[in-house]
Amino acid sequence: MNKKIKTEAVDRLFDAILSLENKEECYNFFEDLCTVNELLSLSQRFEVASMLKEGKTYLDIAEKTGASTATISRVNRSLNYGNDGYELVLERLNNK
């Protein structure tokens, strides 16, 4: 974990996110919290991670998501050398 982000404010934000009970609450909270572009960027990165895990090529991913190769590369680096956050969530979603 990156110690730079481990702050009381970030802890409180994560507590807030964990308190959400359904998608409608998520939409309401994240629309208030983020700009439309920020939310779309987050969802794009998550889609890129999912497609990388499926073995899709950078070209396929860029065409489907509109993500730049720099974004795809950054997400791929997180998948390979990060804290396994993507792995955890993608595995849980696949087991639903």
# chains A, B, ... in the order shown; residues from 1 in each chain; ligands from 1
call {"tool": "residues_around", "arguments": {"residues": "segment 4-20 of chain A", "least_positions_apart": "6", "cutoff": "10 Å", "atoms": "only C-alpha atoms", "output": "number ranges by chain"}}
result
A: 26-30
call {"tool": "select_by_dssp", "arguments": {"residues": "segment 2-72 of chain A", "states": "alpha helix (DSSP H)", "output": "PyMOL selection string"}}
result
chain A and resi 8-19+23-33+36-53+58-65+69-72
call {"tool": "write_last_selection", "arguments": {"atoms": "N, CA and C atoms", "output": "compact mmCIF listing (two decimals), in the first residue's frame"}}
result
# COMPACT_ATOMS: atom_id res chain seq x y z
N GLU A 8 -6.24 9.95 7.19
CA GLU A 8 -7.56 9.92 7.81
C GLU A 8 -8.64 10.27 6.80
N ALA A 9 -8.35 11.24 5.93
CA ALA A 9 -9.34 11.66 4.94
C ALA A 9 -9.65 10.53 3.96
N VAL A 10 -8.63 9.81 3.52
CA VAL A 10 -8.86 8.69 2.61
C VAL A 10 -9.59 7.57 3.34
N ASP A 11 -9.21 7.30 4.58
CA ASP A 11 -9.94 6.30 5.38
C ASP A 11 -11.43 6.65 5.46
N ARG A 12 -11.72 7.93 5.70
CA ARG A 12 -13.12 8.37 5.81
C ARG A 12 -13.85 8.22 4.47
N LEU A 13 -13.17 8.53 3.38
CA LEU A 13 -13.76 8.33 2.06
C LEU A 13 -14.09 6.86 1.83
N PHE A 14 -13.15 5.98 2.14
CA PHE A 14 -13.39 4.55 1.95
C PHE A 14 -14.51 4.05 2.86
N ASP A 15 -14.58 4.56 4.08
CA ASP A 15 -15.70 4.21 4.97
C ASP A 15 -17.02 4.64 4.34
N ALA A 16 -17.03 5.82 3.74
CA ALA A 16 -18.25 6.30 3.07
C ALA A 16 -18.63 5.37 1.93
N ILE A 17 -17.66 4.98 1.12
CA ILE A 17 -17.94 4.09 -0.01
C ILE A 17 -18.46 2.74 0.49
N LEU A 18 -17.84 2.23 1.53
CA LEU A 18 -18.27 0.94 2.09
C LEU A 18 -19.66 1.00 2.71
N SER A 19 -20.14 2.20 3.02
CA SER A 19 -21.48 2.33 3.61
C SER A 19 -22.58 2.29 2.56
N LYS A 23 -26.53 0.09 -6.09
CA LYS A 23 -26.02 0.86 -7.22
C LYS A 23 -26.58 2.27 -7.25
N GLU A 24 -27.85 2.41 -6.93
CA GLU A 24 -28.46 3.75 -6.95
C GLU A 24 -27.74 4.68 -5.97
N GLU A 25 -27.42 4.18 -4.77
CA GLU A 25 -26.67 4.97 -3.82
C GLU A 25 -25.27 5.29 -4.35
N CYS A 26 -24.67 4.32 -5.04
CA CYS A 26 -23.35 4.55 -5.65
C CYS A 26 -23.43 5.64 -6.70
N TYR A 27 -24.42 5.54 -7.58
CA TYR A 27 -24.59 6.59 -8.59
C TYR A 27 -24.73 7.96 -7.95
N ASN A 28 -25.59 8.06 -6.95
CA ASN A 28 -25.83 9.36 -6.30
C ASN A 28 -24.56 9.90 -5.65
N PHE A 29 -23.85 9.04 -4.92
CA PHE A 29 -22.65 9.48 -4.22
C PHE A 29 -21.54 9.87 -5.20
N PHE A 30 -21.28 9.00 -6.16
CA PHE A 30 -20.17 9.26 -7.08
C PHE A 30 -20.47 10.42 -8.03
N GLU A 31 -21.74 10.64 -8.37
CA GLU A 31 -22.07 11.80 -9.19
C GLU A 31 -21.83 13.09 -8.42
N ASP A 32 -22.04 13.06 -7.11
CA ASP A 32 -21.74 14.23 -6.28
C ASP A 32 -20.24 14.38 -6.06
N LEU A 33 -19.54 13.26 -5.90
CA LEU A 33 -18.12 13.28 -5.57
C LEU A 33 -17.23 13.61 -6.76
N VAL A 36 -18.14 14.14 -14.22
CA VAL A 36 -18.52 13.09 -15.17
C VAL A 36 -17.26 12.48 -15.78
N ASN A 37 -16.30 13.31 -16.17
CA ASN A 37 -15.07 12.79 -16.78
C ASN A 37 -14.26 11.95 -15.82
N GLU A 38 -14.20 12.32 -14.54
CA GLU A 38 -13.47 11.52 -13.56
C GLU A 38 -14.12 10.14 -13.41
N LEU A 39 -15.43 10.11 -13.32
CA LEU A 39 -16.13 8.84 -13.16
C LEU A 39 -15.98 7.96 -14.40
N LEU A 40 -16.07 8.58 -15.57
CA LEU A 40 -15.88 7.81 -16.80
C LEU A 40 -14.45 7.29 -16.92
N SER A 41 -13.48 8.06 -16.47
CA SER A 41 -12.08 7.61 -16.50
C SER A 41 -11.88 6.42 -15.57
N LEU A 42 -12.46 6.48 -14.38
CA LEU A 42 -12.35 5.36 -13.44
C LEU A 42 -12.98 4.10 -14.03
N SER A 43 -14.17 4.26 -14.60
CA SER A 43 -14.84 3.09 -15.17
C SER A 43 -14.08 2.55 -16.38
N GLN A 44 -13.47 3.45 -17.16
CA GLN A 44 -12.66 3.02 -18.30
C GLN A 44 -11.47 2.19 -17.84
N ARG A 45 -10.77 2.65 -16.81
CA ARG A 45 -9.62 1.89 -16.29
C ARG A 45 -10.04 0.51 -15.81
N PHE A 46 -11.19 0.45 -15.15
CA PHE A 46 -11.66 -0.84 -14.66
C PHE A 46 -12.00 -1.77 -15.83
N GLU A 47 -12.61 -1.22 -16.87
CA GLU A 47 -12.91 -2.02 -18.06
C GLU A 47 -11.62 -2.50 -18.73
N VAL A 48 -10.62 -1.63 -18.79
CA VAL A 48 -9.32 -2.00 -19.35
C VAL A 48 -8.72 -3.16 -18.55
N ALA A 49 -8.77 -3.08 -17.24
CA ALA A 49 -8.23 -4.16 -16.39
C ALA A 49 -8.94 -5.47 -16.67
N SER A 50 -10.25 -5.42 -16.78
CA SER A 50 -11.02 -6.62 -17.05
C SER A 50 -10.64 -7.24 -18.39
N MET A 51 -10.49 -6.39 -19.40
CA MET A 51 -10.13 -6.89 -20.72
C MET A 51 -8.71 -7.43 -20.77
N LEU A 52 -7.79 -6.79 -20.05
CA LEU A 52 -6.42 -7.31 -19.98
C LEU A 52 -6.42 -8.69 -19.34
N LYS A 53 -7.20 -8.86 -18.28
CA LYS A 53 -7.28 -10.17 -17.62
C LYS A 53 -7.85 -11.23 -18.55
N TYR A 58 -3.87 -4.82 -26.70
CA TYR A 58 -3.96 -3.37 -26.51
C TYR A 58 -4.84 -2.74 -27.59
N LEU A 59 -4.70 -3.21 -28.83
CA LEU A 59 -5.48 -2.65 -29.94
C LEU A 59 -6.98 -2.90 -29.74
N ASP A 60 -7.34 -4.12 -29.36
CA ASP A 60 -8.75 -4.43 -29.09
C ASP A 60 -9.29 -3.56 -27.96
N ILE A 61 -8.50 -3.42 -26.92
CA ILE A 61 -8.92 -2.64 -25.75
C ILE A 61 -9.08 -1.18 -26.11
N ALA A 62 -8.12 -0.64 -26.84
CA ALA A 62 -8.18 0.77 -27.25
C ALA A 62 -9.41 1.03 -28.13
N GLU A 63 -9.69 0.11 -29.04
CA GLU A 63 -10.84 0.27 -29.92
C GLU A 63 -12.16 0.21 -29.16
N LYS A 64 -12.26 -0.71 -28.21
CA LYS A 64 -13.53 -0.89 -27.49
C LYS A 64 -13.74 0.18 -26.43
N THR A 65 -12.68 0.58 -25.73
CA THR A 65 -12.85 1.49 -24.59
C THR A 65 -12.51 2.94 -24.91
N THR A 69 -3.06 4.07 -25.28
CA THR A 69 -2.11 2.99 -24.96
C THR A 69 -1.38 3.30 -23.65
N ALA A 70 -1.20 4.57 -23.33
CA ALA A 70 -0.57 4.94 -22.05
C ALA A 70 -1.44 4.50 -20.87
N THR A 71 -2.75 4.70 -20.99
CA THR A 71 -3.66 4.26 -19.92
C THR A 71 -3.67 2.75 -19.82
N ILE A 72 -3.72 2.08 -20.95
CA ILE A 72 -3.73 0.61 -20.94
C ILE A 72 -2.44 0.09 -20.31
call {"tool": "atom_distance", "arguments": {"atom1": "atom CA of Glu87 of chain A", "atom2": "atom CA of Ser68 of chain A"}}
result
21.5 Å
call {"tool": "atom_distance", "arguments": {"atom1": "atom CA of Asn76 of chain A", "atom2": "atom CA of Leu93 of chain A"}}
result
18.8 Å
call {"tool": "closest_residue", "arguments": {"among": "A:Asn2, A:Asn22, A:Thr57, A:Asn95", "to": "Asn83 of chain A", "atoms": "only C-alpha atoms"}}
result
A:Asn2
